[in-house]
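Here is start.cif, consisting of mmCIF, C-alpha atoms:
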data_final
#
loop_
_atom_site.label_atom_id
_atom_site.label_comp_id
_atom_site.auth_asym_id
_atom_site.auth_seq_id
_atom_site.Cartn_x
_atom_site.Cartn_y
_atom_site.Cartn_z
CA MET F 1 99.25 124.94 158.62
CA LYS F 2 100.61 122.59 161.30
CA ILE F 3 103.44 123.60 163.61
CA ASP F 4 105.11 121.21 166.05
CA TRP F 5 107.40 121.93 169.02
CA ILE F 6 110.61 120.04 169.82
CA ILE F 7 112.14 120.11 173.30
CA GLY F 8 115.49 118.61 174.26
CA TRP F 9 115.51 116.98 177.70
CA ILE F 10 117.88 114.80 179.67
CA GLN F 11 117.50 113.07 183.00
CA GLU F 12 119.89 113.80 185.85
CA ASP F 13 122.43 110.99 185.84
CA GLY F 14 124.72 111.67 188.80
CA THR F 15 127.75 112.57 186.68
CA ASN F 16 130.31 115.22 187.63
CA ASN F 17 128.32 117.95 185.86
CA ALA F 18 125.08 116.98 187.60
CA HIS F 19 124.64 120.55 188.86
CA ARG F 20 124.05 121.55 185.22
CA ILE F 21 121.33 118.97 184.64
CA ARG F 22 119.71 118.79 188.06
CA GLU F 23 116.06 117.77 187.89
CA ASN F 24 114.17 120.93 188.82
CA ASN F 25 111.01 120.04 186.87
CA GLU F 26 111.79 122.65 184.21
CA LEU F 27 110.21 120.41 181.57
CA LEU F 28 106.97 120.28 183.55
CA PHE F 29 106.64 124.07 183.61
CA CYS F 30 107.99 124.53 180.09
CA LEU F 31 105.19 122.28 178.81
CA ARG F 32 102.64 124.10 180.93
CA SER F 33 103.71 127.41 179.40
CA ILE F 34 103.28 125.99 175.88
CA TYR F 35 99.88 124.55 176.81
CA LYS F 36 98.65 127.96 178.01
CA TYR F 37 100.32 130.40 175.65
CA CYS F 38 100.68 128.31 172.50
CA SER F 39 97.56 126.13 172.49
CA TRP F 40 97.55 125.97 168.68
CA ILE F 41 100.67 123.77 168.61
CA ASN F 42 99.98 120.52 166.76
CA LYS F 43 102.29 118.13 168.65
CA ILE F 44 105.17 118.34 171.13
CA HIS F 45 108.17 116.07 170.56
CA ILE F 46 110.36 115.48 173.62
CA ILE F 47 113.88 114.29 172.79
CA LEU F 48 115.01 111.85 175.50
CA GLY F 49 118.71 112.71 175.65
CA ARG F 50 120.98 109.63 175.65
CA ASP F 51 117.78 107.54 175.62
CA CYS F 52 116.96 108.43 179.22
CA ASN F 53 113.61 107.55 180.78
CA PRO F 54 110.75 110.07 180.52
CA PRO F 55 109.75 111.95 183.70
CA THR F 56 107.54 109.95 186.07
CA TRP F 57 104.75 112.56 186.03
CA LEU F 58 104.23 112.36 182.25
CA LYS F 59 101.42 110.18 180.90
CA GLU F 60 100.53 109.14 177.37
CA HIS F 61 98.76 111.84 175.42
CA ASN F 62 98.01 112.37 171.74
CA LYS F 63 99.81 115.70 171.76
CA ILE F 64 103.06 114.30 173.23
CA ASN F 65 105.61 112.24 171.27
CA LEU F 66 108.63 110.78 173.08
CA VAL F 67 111.71 110.42 170.87
CA LYS F 68 114.79 108.43 171.89
CA GLU F 69 117.93 110.23 170.79
CA SER F 70 119.31 107.01 169.28
CA SER F 71 116.32 106.84 166.93
CA LEU F 72 117.57 110.05 165.27
CA TYR F 73 121.23 109.18 164.76
CA GLN F 74 124.05 106.96 166.00
CA PRO F 75 126.37 106.87 167.78
CA VAL F 76 124.66 109.14 170.34
CA GLN F 77 126.97 111.97 171.43
CA LYS F 78 127.37 113.26 174.99
CA ASN F 79 126.81 116.88 173.96
CA SER F 80 123.48 118.69 173.64
CA GLU F 81 124.02 119.97 170.08
CA THR F 82 124.48 117.07 167.63
CA LYS F 83 120.86 115.94 167.87
CA LYS F 84 119.69 119.29 166.44
CA LEU F 85 120.83 118.24 162.96
CA PHE F 86 118.19 115.51 162.95
CA TYR F 87 115.13 117.38 164.22
CA GLY F 88 113.72 117.58 160.71
CA ARG F 89 113.94 113.77 160.43
CA ILE F 90 111.62 113.02 163.35
CA LYS F 91 108.90 110.69 162.15
CA ASN F 92 105.73 112.59 161.19
CA ILE F 93 107.22 115.97 162.14
CA ALA F 94 105.05 118.84 160.87
CA GLU F 95 106.01 121.11 157.97
CA TYR F 96 107.10 123.79 160.48
CA PHE F 97 108.56 123.17 163.91
CA ILE F 98 109.81 125.21 166.85
CA SER F 99 112.89 124.04 168.76
CA SER F 100 113.82 124.90 172.34
CA ASP F 101 115.28 123.47 175.53
CA ASP F 102 113.41 122.71 178.72
CA ASP F 103 114.79 125.81 180.48
CA MET F 104 112.94 128.15 178.08
CA PHE F 105 109.42 129.28 179.00
CA LEU F 106 106.63 131.39 177.54
CA LEU F 107 105.21 134.22 179.61
CA ASN F 108 102.65 135.55 177.11
CA LYS F 109 100.73 134.31 174.08
CA LEU F 110 102.76 133.40 171.02
CA TYR F 111 101.14 133.95 167.61
CA VAL F 112 101.88 132.32 164.27
CA ASN F 113 102.37 135.68 162.52
CA GLU F 114 105.31 136.36 164.85
CA LEU F 115 107.03 133.24 163.49
CA ILE F 116 106.11 132.93 159.81
CA TYR F 117 105.74 135.47 156.98
CA ASN F 118 104.98 134.58 153.36
CA ASN F 119 105.36 130.90 154.28
CA LYS F 120 108.96 131.51 155.41
CA PRO F 121 110.19 131.24 159.02
CA ILE F 122 111.32 134.35 160.89
CA ILE F 123 114.45 133.10 162.63
CA ASN F 124 115.58 135.06 165.69
CA SER F 125 118.89 134.65 167.50
CA THR F 126 120.24 131.10 167.44
CA GLY F 127 122.94 131.59 170.07
CA PHE F 128 126.58 130.73 170.47
CA TYR F 129 128.92 127.72 170.88
CA SER F 130 129.26 127.78 167.10
CA ASN F 131 132.30 127.21 164.86
CA PHE F 132 130.59 129.29 162.19
CA LYS F 133 129.68 132.65 163.68
CA ASP F 134 127.92 133.28 166.97
CA ASP F 135 124.42 134.65 166.47
CA ASP F 136 123.81 136.87 169.52
CA SER F 137 122.68 135.24 172.78
CA GLY F 138 119.95 132.85 171.66
CA HIS F 139 118.27 130.84 174.43
CA ILE F 140 114.85 131.43 172.88
CA PRO F 141 112.52 129.15 170.86
CA ILE F 142 113.33 129.08 167.12
CA ILE F 143 111.04 128.32 164.17
CA TRP F 144 112.16 126.19 161.20
CA LYS F 145 110.62 124.90 157.96
CA ARG F 146 111.26 121.17 157.78
CA ASP F 147 112.12 120.59 154.11
CA ASP F 148 114.39 123.63 153.80
CA TYR F 149 116.03 122.80 157.13
CA ASN F 150 116.87 119.29 155.93
CA LYS F 151 118.01 120.53 152.52
CA ILE F 152 120.52 123.00 154.00
CA ILE F 153 121.93 120.38 156.38
CA ASP F 154 122.34 117.85 153.58
CA ARG F 155 124.11 120.34 151.29
CA TYR F 156 126.26 122.45 153.59
CA ILE F 157 126.73 120.88 157.04
CA ASN F 158 129.50 118.36 157.77
CA ILE F 159 127.39 115.84 159.63
CA ASN F 160 130.32 113.46 160.28
CA TYR F 161 132.06 116.24 162.20
CA TYR F 162 129.10 116.49 164.59
CA LEU F 163 128.94 112.71 164.94
CA ASN F 164 132.41 112.71 166.48
CA LEU F 165 132.20 115.57 168.98
CA ASN F 166 131.60 113.40 172.07
CA ASP F 167 131.00 115.93 174.87
CA LYS F 168 132.19 119.02 172.97
CA ARG F 169 129.42 121.56 172.33
CA VAL F 170 129.20 123.01 168.81
CA ASN F 171 125.89 124.65 167.96
CA PRO F 172 124.90 124.10 164.28
CA PHE F 173 121.95 126.54 164.33
CA PRO F 174 123.84 129.75 163.42
CA GLU F 175 125.27 128.17 160.26
CA ILE F 176 121.94 126.63 159.24
CA LYS F 177 120.20 129.96 159.77
CA GLN F 178 122.73 131.89 157.67
CA HIS F 179 122.43 129.48 154.73
CA LEU F 180 118.63 129.71 154.88
CA ILE F 181 118.75 133.52 154.81
CA ASN F 182 121.38 133.58 152.05
CA HIS F 183 119.12 131.40 149.90
CA ARG F 184 116.07 133.52 150.78
CA LEU F 185 114.39 130.62 152.48
CA ALA F 186 113.96 132.48 155.77
CA TYR F 187 113.81 135.97 157.24
CA LYS F 188 116.15 137.30 159.87
CA GLY F 189 114.38 138.06 163.14
CA PHE F 190 115.48 140.76 165.55
CA ILE F 191 114.97 139.18 168.97
CA LYS F 192 118.51 138.67 170.25
CA LYS F 193 117.91 137.13 173.67
CA PRO F 194 115.15 136.22 176.15
CA HIS F 195 113.06 139.08 177.50
CA ALA F 196 114.08 137.78 180.92
CA TRP F 197 117.27 135.79 181.37
CA VAL F 198 117.77 134.46 184.89
CA ARG F 199 121.30 133.33 185.67
CA THR F 200 121.58 130.75 188.41
CA GLY F 201 124.92 130.34 190.11
CA GLU F 202 124.75 133.94 191.34
CA THR F 203 124.26 134.83 195.00
CA ILE F 204 120.90 133.84 196.51
CA ASN F 205 119.90 137.51 196.90
CA LYS F 206 120.69 138.23 193.26
CA PHE F 207 118.77 135.13 192.17
CA ILE F 208 115.72 136.33 194.14
CA TYR F 209 116.08 139.82 192.66
CA GLN F 210 116.21 138.52 189.09
CA LEU F 211 113.00 136.55 189.54
CA ALA F 212 111.23 139.27 191.52
CA THR F 213 111.83 141.93 188.83
CA ILE F 214 110.09 139.93 186.10
CA ASN F 215 106.94 141.93 185.36
CA VAL F 216 105.09 140.10 182.60
CA ASN F 217 102.42 142.73 181.96
CA LYS F 218 104.49 145.90 182.34
CA HIS F 219 107.28 144.83 180.01
CA ARG F 220 105.20 142.55 177.72
CA MET F 221 107.69 139.77 178.30
CA LYS F 222 107.25 136.67 176.17
CA TYR F 223 110.41 134.57 176.48
CA ILE F 224 112.24 133.66 179.67
CA CYS F 225 115.28 131.42 180.09
CA ILE F 226 116.52 130.13 183.43
CA ASN F 227 120.08 128.85 183.02
CA ASP F 228 120.93 125.69 184.87
CA GLU F 229 124.19 126.45 186.67
CA PHE F 230 122.81 125.57 190.09
CA SER F 231 125.09 125.30 193.09
CA SER F 232 126.91 122.03 193.74
CA ASP F 233 126.47 122.75 197.48
CA ASN F 234 123.26 120.93 198.39
CA THR F 235 122.27 123.38 201.12
CA ILE F 236 122.51 126.35 198.74
CA TYR F 237 120.90 124.38 195.94
CA HIS F 238 117.94 123.47 198.19
CA THR F 239 117.33 127.19 198.72
CA GLU F 240 117.66 127.88 194.99
CA TYR F 241 115.19 125.08 194.24
CA ASN F 242 112.56 126.47 196.62
CA ILE F 243 112.95 130.00 195.25
CA LEU F 244 112.66 128.72 191.69
CA HIS F 245 109.55 126.69 192.44
CA SER F 246 107.89 129.64 194.15
CA PHE F 247 108.35 131.51 190.87
CA PHE F 248 107.10 128.57 188.79
CA ASN F 249 104.01 128.13 190.97
CA MET F 250 103.25 131.83 190.74
CA HIS F 251 103.25 131.83 186.91
CA PHE F 252 102.35 128.25 185.97
CA ASN F 253 100.01 127.11 188.73
CA TYR F 254 97.77 124.94 186.57
CA ASN F 255 97.86 121.46 185.07
CA ALA F 256 98.30 120.28 181.49
CA PRO F 257 96.30 117.25 180.25
CA TRP F 258 99.42 115.06 179.89
CA GLU F 259 100.29 115.26 183.60
CA LYS F 260 99.57 112.48 186.06
CA LYS F 261 98.33 113.39 189.51
CA PHE F 262 101.57 113.76 191.43
CA ILE F 263 103.60 115.66 194.00
CA THR F 264 107.33 116.24 193.87
CA ALA F 265 109.46 118.02 196.44
CA GLN F 266 112.89 118.19 198.02
CA HIS F 267 113.76 117.42 201.60
CA LEU F 268 117.04 118.50 203.18
CA ILE F 269 117.81 115.68 205.60
CA GLY F 270 121.12 117.11 206.69
CA LYS F 271 123.76 115.29 208.74
CA SER F 272 123.54 112.30 211.08
CA ASN F 273 125.64 110.88 213.91
CA THR F 274 124.37 107.36 213.22
CA ASN F 275 124.13 105.35 210.01
CA THR F 276 120.31 105.25 210.10
CA LYS F 277 117.71 107.97 210.26
CA ASP F 278 113.92 108.20 209.86
CA ILE F 279 112.16 111.21 208.37
CA ILE F 280 108.38 111.70 208.51
CA ILE F 281 106.77 113.46 205.53
CA ASN F 282 103.36 114.98 206.26
CA LEU F 283 101.00 115.92 203.44
CA ASN F 284 97.70 117.77 203.39
CA ASN F 285 95.97 115.75 200.67
CA ASP F 286 95.04 112.15 199.87
CA ILE F 287 97.47 111.51 197.01
CA LEU F 288 99.08 108.67 198.96
CA ASP F 289 96.09 106.40 198.26
CA ASN F 290 97.11 103.93 195.54
CA SER F 291 100.39 105.73 194.85
CA THR F 292 104.03 105.00 194.08
CA ILE F 293 106.76 106.89 195.96
CA ILE F 294 110.14 107.39 194.29
CA ILE F 295 113.13 108.58 196.34
CA LYS F 296 116.25 110.01 194.73
CA LYS F 297 119.45 111.25 196.35
CA TYR F 298 121.07 114.33 194.86
CA LYS F 299 124.75 114.07 194.03
CA SER F 300 127.21 115.74 196.40
CA VAL F 301 130.97 115.95 196.76
CA TYR F 302 130.77 112.80 198.93
CA ASP F 303 130.48 109.26 197.59
CA ASP F 304 128.39 107.96 200.50
CA ASN F 305 125.99 105.18 199.51
CA PHE F 306 122.45 105.12 200.93
CA LYS F 307 119.38 102.92 200.89
CA PHE F 308 115.89 104.41 201.21
CA ASN F 309 112.81 102.50 202.33
CA ILE F 310 109.23 103.68 202.68
CA LYS F 311 107.29 102.62 205.77
CA ASN F 312 104.26 103.66 207.84
CA LYS F 313 102.48 104.88 204.73
CA ASN F 314 98.96 106.12 205.40
CA LYS F 315 96.53 108.62 203.90
CA ASN F 316 98.40 111.78 204.87
CA SER F 317 101.99 110.84 205.73
CA PHE F 318 104.79 108.37 205.23
CA THR F 319 108.23 107.70 206.70
CA ILE F 320 111.49 107.56 204.78
CA SER F 321 113.95 105.20 206.44
CA ILE F 322 117.54 106.06 205.49
CA LYS F 323 120.52 103.76 205.96
CA ARG F 324 124.13 104.40 205.02
CA LEU F 325 125.53 101.29 203.32
CA ASP F 326 129.20 101.97 202.65
CA ARG F 327 130.21 102.52 206.31
CA ASN F 328 128.65 101.76 209.69
CA ILE F 329 128.85 105.37 210.84
CA GLY F 330 126.85 108.54 210.30
CA TRP F 331 127.43 111.11 207.57
CA GLY F 332 128.80 114.63 207.53
CA GLN F 333 127.23 115.81 204.30
CA ASN F 334 123.96 117.74 204.13
CA LEU F 335 122.03 114.90 202.53
CA LEU F 336 119.44 116.16 200.05
CA ILE F 337 116.73 113.98 198.52
CA ASN F 338 113.82 114.38 196.16
CA TYR F 339 110.60 112.44 196.58
CA THR F 340 107.98 112.05 193.88
CA ILE F 341 104.54 110.62 194.63
CA VAL F 342 102.61 109.46 191.58
CA ASN F 343 98.96 108.46 191.95
CA ASN F 344 98.37 105.19 190.07
CA SER F 345 94.61 105.54 189.83
CA ILE F 346 94.67 108.53 187.47
#
Output the structure of this file as structure tokens.
Amino acid sequence: MKIDWIIGWIQEDGTNNAHRIRENNELLFCLRSIYKYCSWINKIHIILGRDCNPPTWLKEHNKINLVKESSLYQPVQKNSETKKLFYGRIKNIAEYFISSDDDMFLLNKLYVNELIYNNKPIINSTGFYSNFKDDDSGHIPIIWKRDDYNKIIDRYININYYLNLNDKRVNPFPEIKQHLINHRLAYKGFIKKPHAWVRTGETINKFIYQLATINVNKHRMKYICINDEFSSDNTIYHTEYNILHSFFNMHFNYNAPWEKKFITAQHLIGKSNTNTKDIIINLNNDILDNSTIIIKKYKSVYDDNFKFNIKNKNKNSFTISIKRLDRNIGWGQNLLINYTIVNNSI
């Protein structure tokens, strides 16, 4: 029996809702959790939302399949739900597949007998944002059987409706699940929400508390979801990012075989009285040899335009030269950037 995993992912694009899709490397750690706790998975299909580019740290691997959203259906919608109707149509998708988003992680081993019984999927909560009937909280991985999934969608789901939603979110999973259960093609599961559900957008102290109280062994936690309502204030978000990555590195401090050798981090540059500024980044390893450095500015409430150049690159450090382009003055925003260093020799 082969079981695949499908993950929806979209690249940060600088739009007004960028705080909801900030690049925090959730996909990196989501994949690591699958690699460790679900090693029996046949293949992982990553849906590139709106045909975005894959993450720079991901390399070709026989277990990873990149799927452009437009290859599933057209016209591509701006919401995160329509694509779900076409998961069962992915080329060479296995007979069974698990679906999740990149903000869902495993914290303990997942076994096939928790997902399938008598060749039928055990479908837990499929969540809300549904016109049909909300199905508890969701935000956990869900198992489906390909042929029955496609059959229900073809017979009962108004696909044209979903192809005209634009940015409106309507989750089709609750309706698909109910039809499968009504036709005795699936069993109803009883997991209603993640074992740990961390809500960003709270106060920093509450965010720390939520992460600190996750005790994997004591509570036998398996599923965790970290919602992506990060602060639009770059100073607060920088703190949230560092807290989140401390948690990730505590639980997922290992590499998966589809990762390039890389480093990614944030740097809070802050304000400047002049329109140029140099920042020195010091590292304690030799990744800079034969590497590419990518600089990205995080969106803020300001529309300032910047240019970033790399200079004085050596084995253990490099300098980021920043210049404001739209005006010949400094800037009052707390400028926040991300740098990613990818080693080209690996």
Judged by only C-alpha atoms, the minimum distance to Gly88 of chain F among F:Lys109, F:Lys133, F:Lys151, F:Arg50 is found for F:Lys151
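The set of residues that the PyMOL selection byres ((chain F and resi 258) around 9) takes from this file is Trp57, Leu58, Lys59, Glu60, His61, Asn62, Lys63, Ile64, Asn255, Ala256, Pro257, Glu259 and Lys260 of chain F.
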Prev. selection, C-alpha atoms, output as a tab-separated table (two decimals), in the frame of the given file:
chain	number	residue	atom	x	y	z
F	57	TRP	CA	104.75	112.56	186.03
F	58	LEU	CA	104.23	112.36	182.25
F	59	LYS	CA	101.42	110.18	180.90
F	60	GLU	CA	100.53	109.14	177.37
F	61	HIS	CA	98.76	111.84	175.42
F	62	ASN	CA	98.01	112.37	171.74
F	63	LYS	CA	99.81	115.70	171.76
F	64	ILE	CA	103.06	114.30	173.23
F	255	ASN	CA	97.86	121.46	185.07
F	256	ALA	CA	98.30	120.28	181.49
F	257	PRO	CA	96.30	117.25	180.25
F	259	GLU	CA	100.29	115.26	183.60
F	260	LYS	CA	99.57	112.48	186.06
Report as JSON, numbers by chain the full result of the PyMOL selection byres ((chain F and resi 118-127) around 8) when it is applied to this structure. {"F": [114, 115, 116, 117, 128, 129, 130, 134, 135, 136, 137, 138, 139, 140, 142, 143, 144, 145, 171, 173, 174, 177, 185, 186, 187, 188, 189, 190, 191, 192, 193]}
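Atom to atom, atom CA of Ile41 of chain F and atom CA of Ile90 of chain F stand 16.2 Å apart.
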All residues 9 Å or closer to segment 280-293 of chain F, all atoms listed in the file, same chain fewer than 6 positions away omitted, as JSON, numbers by chain: {"F": [261, 262, 263, 267, 310, 313, 314, 315, 316, 317, 318, 319, 320, 321, 339, 340, 341, 342, 343, 344, 345]}
Restricting the calculation to all atoms listed in the file, which member of F:Ile7, F:Leu72, F:Ile208, F:Leu27 is positioned closest to Ile47 of chain F? F:Ile7
Residue contacts of Asn205 of chain F (12 Å, all atoms listed in the file) excluding same-chain residues fewer than 5 positions away, as a PyMOL selection string: chain F and resi 200+210-212+236+239-240+243
Go ahead and write the selection's residues with C-alpha atoms as a short mmCIF file (atom, residue, chain, number, x, y, z; two decimals), keeping the file's coordinate frame.
data_model
loop_
_atom_site.label_atom_id
_atom_site.label_comp_id
_atom_site.auth_asym_id
_atom_site.auth_seq_id
_atom_site.Cartn_x
_atom_site.Cartn_y
_atom_site.Cartn_z
CA THR F 200 121.58 130.75 188.41
CA GLN F 210 116.21 138.52 189.09
CA LEU F 211 113.00 136.55 189.54
CA ALA F 212 111.23 139.27 191.52
CA ILE F 236 122.51 126.35 198.74
CA THR F 239 117.33 127.19 198.72
CA GLU F 240 117.66 127.88 194.99
CA ILE F 243 112.95 130.00 195.25
#
